[in-house]
Amino acid sequence: MKEYKYKINGNVYKVAIGDIEDNIAHVEVNGTPYKVEMEKAPKVVVKPVARPAATSAPAAPATPVVKPAAASTGKSGVKSPLPGVILDIKVNVGDTVKKGQVIIILEAMKMENNINADKDGKITVEVKSVNHRYLDVNIKMPKKLNFFESAIRTLLKEYIERGKVDIYITYEDFTENNLSLQYNKALAGEYLKYLNQMAEEFGLENDIKVSTLSRYPEVFAMEEQPVDEDELWSSLEKALRGAFEPFVESRVREGENLKKDLCEKLDNMVSYVDFIEERSPQIIVEYRARLEEKLRELLADNQLDDSRIAQEVTIFADKICVDEETVRLKSHILSMKDSLNAGGSVGRKLDFLAQEMNREANTILSKSNDLKISDTGISLKTDIEKVREQIQNIE
């Protein structure tokens with residue numbers, strides 16, 4: 001007998017090849033005997049096919065809806081008796097499985113093996129979210145799963161950092177022997193004792209029957225069998241990840257659309273700031289011309305004092321100067337674009353930048369006495385408000 005030892009995906013398999021009769025080889029894998037039928041060929045040496053073990057149910061679904069409870073006696077879900085290659089999966093996402101039902105066909109050592117579900121059940125996970133400044137999680141699930149709440153919150157933090165998230169979980173266990181009938185012998189004895197005592201004290205006929213006594217409260221009670229927490233969490237975690245992953249993918253797609261819209265608005269804001277910078281020097285020139293014209297009307301032929309006019313123009317220019325505001329606005333717009341392109345959790349940073357941009361726009365409007373700049377400043381503030389609203393959708 002030849003013996004081999006393989007280690008596949010961390011699992012150790014001891015394979016022993018015994019006698020070969022005609023085209024039938026007697027093989028043991030971890031102590032379990034198998035008969036392997038080989039193609040007839042001269043001097044054939046039979047070797048086990050060492051392929052990655054199919055140790056779990058089908059891969060996580062692409063939609064955040066339903067995932068079957070692929071539970072087993074270990075932490076890895078449904079286990080294969082042999083390493084091999086999955087040829088066919090007989091169930092779909094959301095299907096209800098029965099114990100003993102064929103769910104996977106596996107090729108192992110040139111044979112096809114059926115992998116059966118060892119438990120009846122179904123887990124459904126639904127995830128919804130809206131905008132929020134922080135991560136606020138609300139979980140609704142059966143009491144049976146309450147002790148997993150902390151683990152669920154921890155798992156969710158791997159996928160999302162901001163938003164108000166509602167998670168709805170339903171669990172259906174179709175196992176026939178998950179309930180047992182419990183007989184409370186001590187309580188039944190107490191009932192019987194006091195019934196006999198009442199019959200003696202009041203001289204009543206004692207007509208107690210078993211069927212009568214069994215109807216009293218708590219004499220018989222249905223008790224749910226304790227569950228294997230590791231086994232249940234293994235199934236629940238797969239369902240949760242199956243919901244969280246497409247949930248995040250949808251948020252990423254939405255984020256790309258928001259990014260495109262925000263960048264367009266930021267480009268419009270740059271054009272408004274450019275117009276304000278170009279218009280500001282013209283206001284001073286126009287103010288000087290108006291001032292000189294009025295002075296000529298008032299002084300008639302008297303000579304104008306150029307130094308006095310220059311002083312008034314300087315005071316006016318300082319009063320309406322928005323150079324600092326426009327420089328800071330452009331800096332904030334550029335910083336916001338860079339943050340959007342960098343990606344990651346930038347929502348709070350963008351919110352802060354939008355507040356600063358709004359403050360600069362307010363200052364420009366308060367200094368302006370020009371109709372064109374005022375109209376442009378109002379358009380600028382309108383776009384900033386739109387950006388602030390959109391930023392609330394960004395994590």
# chains A, B, ... in the order shown; residues from 1 in each chain; ligands from 1
>>> residues_around(residues="region 364-371 of chain A", least_positions_apart="2", cutoff="12 Å", atoms="only C-alpha atoms", output="number ranges by chain")
A: 272-273, 276-277, 279-284, 286-287, 316-329, 357-362, 373-381
>>> select_by_dssp(residues="region 146-308 of chain A", states="strand (DSSP E or B)", output="list of chain:residue names")
A:Gly163, A:Lys164, A:Val165, A:Asp166, A:Ile167, A:Tyr168, A:Ile169, A:Thr170, A:Tyr171, A:Glu172, A:Asp173, A:Leu179, A:Ser180, A:Leu181, A:Gln182, A:Tyr183, A:Phe220, A:Ala221, A:Met222, A:Glu223, A:Glu224
>>> write_last_selection(atoms="N, CA and C atoms", output="compact mmCIF listing (two decimals), in the first residue's frame")
# COMPACT_ATOMS: atom_id res chain seq x y z
N GLY A 163 -23.18 57.60 6.89
CA GLY A 163 -24.53 57.39 6.36
C GLY A 163 -25.43 56.76 7.40
N LYS A 164 -26.72 56.90 7.20
CA LYS A 164 -27.71 56.25 8.05
C LYS A 164 -28.14 54.97 7.34
N VAL A 165 -27.79 53.84 7.91
CA VAL A 165 -27.98 52.54 7.26
C VAL A 165 -29.01 51.73 8.03
N ASP A 166 -29.98 51.20 7.31
CA ASP A 166 -30.98 50.29 7.88
C ASP A 166 -30.73 48.90 7.31
N ILE A 167 -30.60 47.93 8.22
CA ILE A 167 -30.35 46.54 7.81
C ILE A 167 -31.52 45.69 8.31
N TYR A 168 -32.15 44.97 7.38
CA TYR A 168 -33.26 44.09 7.72
C TYR A 168 -32.83 42.64 7.45
N ILE A 169 -32.90 41.82 8.49
CA ILE A 169 -32.46 40.43 8.37
C ILE A 169 -33.62 39.51 8.76
N THR A 170 -33.90 38.54 7.92
CA THR A 170 -34.87 37.50 8.26
C THR A 170 -34.17 36.15 8.21
N TYR A 171 -34.56 35.28 9.11
CA TYR A 171 -33.93 33.95 9.19
C TYR A 171 -35.04 32.91 9.30
N GLU A 172 -35.04 31.99 8.37
CA GLU A 172 -36.01 30.90 8.37
C GLU A 172 -35.27 29.58 8.50
N ASP A 173 -35.55 28.88 9.58
CA ASP A 173 -34.93 27.57 9.83
C ASP A 173 -35.99 26.50 9.58
N LEU A 179 -37.06 21.85 17.21
CA LEU A 179 -37.88 22.03 18.41
C LEU A 179 -38.03 20.69 19.12
N SER A 180 -38.09 20.75 20.43
CA SER A 180 -38.30 19.53 21.22
C SER A 180 -39.35 19.80 22.29
N LEU A 181 -40.08 18.75 22.65
CA LEU A 181 -41.13 18.85 23.66
C LEU A 181 -40.53 18.52 25.02
N GLN A 182 -40.70 19.44 25.96
CA GLN A 182 -40.14 19.27 27.31
C GLN A 182 -41.27 18.99 28.30
N TYR A 183 -41.06 17.96 29.14
CA TYR A 183 -42.05 17.57 30.16
C TYR A 183 -41.53 18.02 31.52
N PHE A 220 -46.25 20.79 29.65
CA PHE A 220 -45.52 20.51 28.42
C PHE A 220 -45.15 21.84 27.78
N ALA A 221 -43.96 21.94 27.30
CA ALA A 221 -43.51 23.18 26.65
C ALA A 221 -42.63 22.84 25.46
N MET A 222 -42.77 23.65 24.40
CA MET A 222 -41.91 23.48 23.23
C MET A 222 -40.64 24.30 23.44
N GLU A 223 -39.54 23.65 23.28
CA GLU A 223 -38.25 24.30 23.51
C GLU A 223 -37.41 24.20 22.26
N GLU A 224 -36.85 25.34 21.86
CA GLU A 224 -36.01 25.36 20.68
C GLU A 224 -34.62 24.85 21.01
>>> residues_around(residues="Ala354 (chain A)", least_positions_apart="3", cutoff="9 Å", atoms="only C-alpha atoms", output="ChimeraX atom specification")
/A:332-333,336,349-351,357-359,384-385,387-388,391
>>> residues_around(residues="Tyr134 (chain A)", least_positions_apart="5", cutoff="12 Å", atoms="only C-alpha atoms", output="number ranges by chain")
A: 157, 160-165, 345, 347-348, 392-395
>>> write_last_selection(atoms="N, CA and C atoms", output="PDB file, in the first residue's frame")
ATOM      1  N   LYS A 157     -18.601  48.263   9.125  1.00  0.00           N
ATOM      2  CA  LYS A 157     -17.578  49.314   9.097  1.00  0.00           C
ATOM      3  C   LYS A 157     -16.467  49.006   8.099  1.00  0.00           C
ATOM      4  N   ILE A 160     -18.449  50.735   4.902  1.00  0.00           N
ATOM      5  CA  ILE A 160     -19.014  52.079   4.883  1.00  0.00           C
ATOM      6  C   ILE A 160     -18.595  52.833   6.138  1.00  0.00           C
ATOM      7  N   GLU A 161     -18.367  54.137   6.008  1.00  0.00           N
ATOM      8  CA  GLU A 161     -17.922  54.951   7.143  1.00  0.00           C
ATOM      9  C   GLU A 161     -18.917  56.047   7.509  1.00  0.00           C
ATOM     10  N   ARG A 162     -19.864  56.341   6.613  1.00  0.00           N
ATOM     11  CA  ARG A 162     -20.755  57.475   6.846  1.00  0.00           C
ATOM     12  C   ARG A 162     -22.118  57.189   6.221  1.00  0.00           C
ATOM     13  N   GLY A 163     -23.179  57.597   6.892  1.00  0.00           N
ATOM     14  CA  GLY A 163     -24.526  57.392   6.364  1.00  0.00           C
ATOM     15  C   GLY A 163     -25.434  56.760   7.399  1.00  0.00           C
ATOM     16  N   LYS A 164     -26.723  56.898   7.196  1.00  0.00           N
ATOM     17  CA  LYS A 164     -27.712  56.248   8.047  1.00  0.00           C
ATOM     18  C   LYS A 164     -28.140  54.967   7.337  1.00  0.00           C
ATOM     19  N   VAL A 165     -27.786  53.841   7.907  1.00  0.00           N
ATOM     20  CA  VAL A 165     -27.979  52.543   7.259  1.00  0.00           C
ATOM     21  C   VAL A 165     -29.014  51.729   8.033  1.00  0.00           C
ATOM     22  N   SER A 345     -12.752  58.781   1.817  1.00  0.00           N
ATOM     23  CA  SER A 345     -13.783  59.428   2.648  1.00  0.00           C
ATOM     24  C   SER A 345     -13.479  60.920   2.756  1.00  0.00           C
ATOM     25  N   GLY A 347     -16.052  63.401   2.382  1.00  0.00           N
ATOM     26  CA  GLY A 347     -17.290  64.149   2.542  1.00  0.00           C
ATOM     27  C   GLY A 347     -17.184  65.296   3.529  1.00  0.00           C
ATOM     28  N   ARG A 348     -16.613  65.046   4.696  1.00  0.00           N
ATOM     29  CA  ARG A 348     -16.514  66.089   5.727  1.00  0.00           C
ATOM     30  C   ARG A 348     -15.587  67.219   5.286  1.00  0.00           C
ATOM     31  N   GLN A 392     -23.520  66.331   0.767  1.00  0.00           N
ATOM     32  CA  GLN A 392     -24.117  65.523   1.810  1.00  0.00           C
ATOM     33  C   GLN A 392     -24.325  64.073   1.385  1.00  0.00           C
ATOM     34  N   ASN A 393     -24.261  63.827   0.068  1.00  0.00           N
ATOM     35  CA  ASN A 393     -24.391  62.458  -0.453  1.00  0.00           C
ATOM     36  C   ASN A 393     -23.062  61.730  -0.547  1.00  0.00           C
ATOM     37  N   ILE A 394     -21.981  62.407  -0.201  1.00  0.00           N
ATOM     38  CA  ILE A 394     -20.647  61.824  -0.351  1.00  0.00           C
ATOM     39  C   ILE A 394     -20.128  61.360   1.006  1.00  0.00           C
ATOM     40  N   GLU A 395     -19.590  60.160   1.029  1.00  0.00           N
ATOM     41  CA  GLU A 395     -19.067  59.593   2.284  1.00  0.00           C
ATOM     42  C   GLU A 395     -17.765  60.275   2.670  1.00  0.00           C
TER      43      GLU A 395
END
>>> atom_distance(atom1="CA of Asp306 (chain A)", atom2="CA of Leu291 (chain A)")
11.1 Å
>>> residues_around(residues="Ala188 (chain A)", least_positions_apart="6", cutoff="9 Å", atoms="only C-alpha atoms", output="tab-separated table (two decimals) with C-alpha atoms, in the first residue's frame")
chain	number	residue	atom	x	y	z
A	213	LEU	CA	-53.29	17.36	33.71
A	214	SER	CA	-51.30	17.74	30.49
A	216	TYR	CA	-52.18	22.82	32.57
A	218	GLU	CA	-46.00	24.70	31.54
A	219	VAL	CA	-46.53	20.95	32.05
>>> atom_distance(atom1="CA of Ser235 (chain A)", atom2="CA of Lys128 (chain A)")
20.9 Å
>>> closest_residue(among="A:Glu28, A:Val127, A:Arg153, A:His132", to="Glu389 (chain A)", atoms="only C-alpha atoms")
A:His132
>>> closest_residue(among="A:Thr314, A:Thr124, A:Asn138, A:Asn206", to="Ala243 (chain A)", atoms="only C-alpha atoms")
A:Thr124
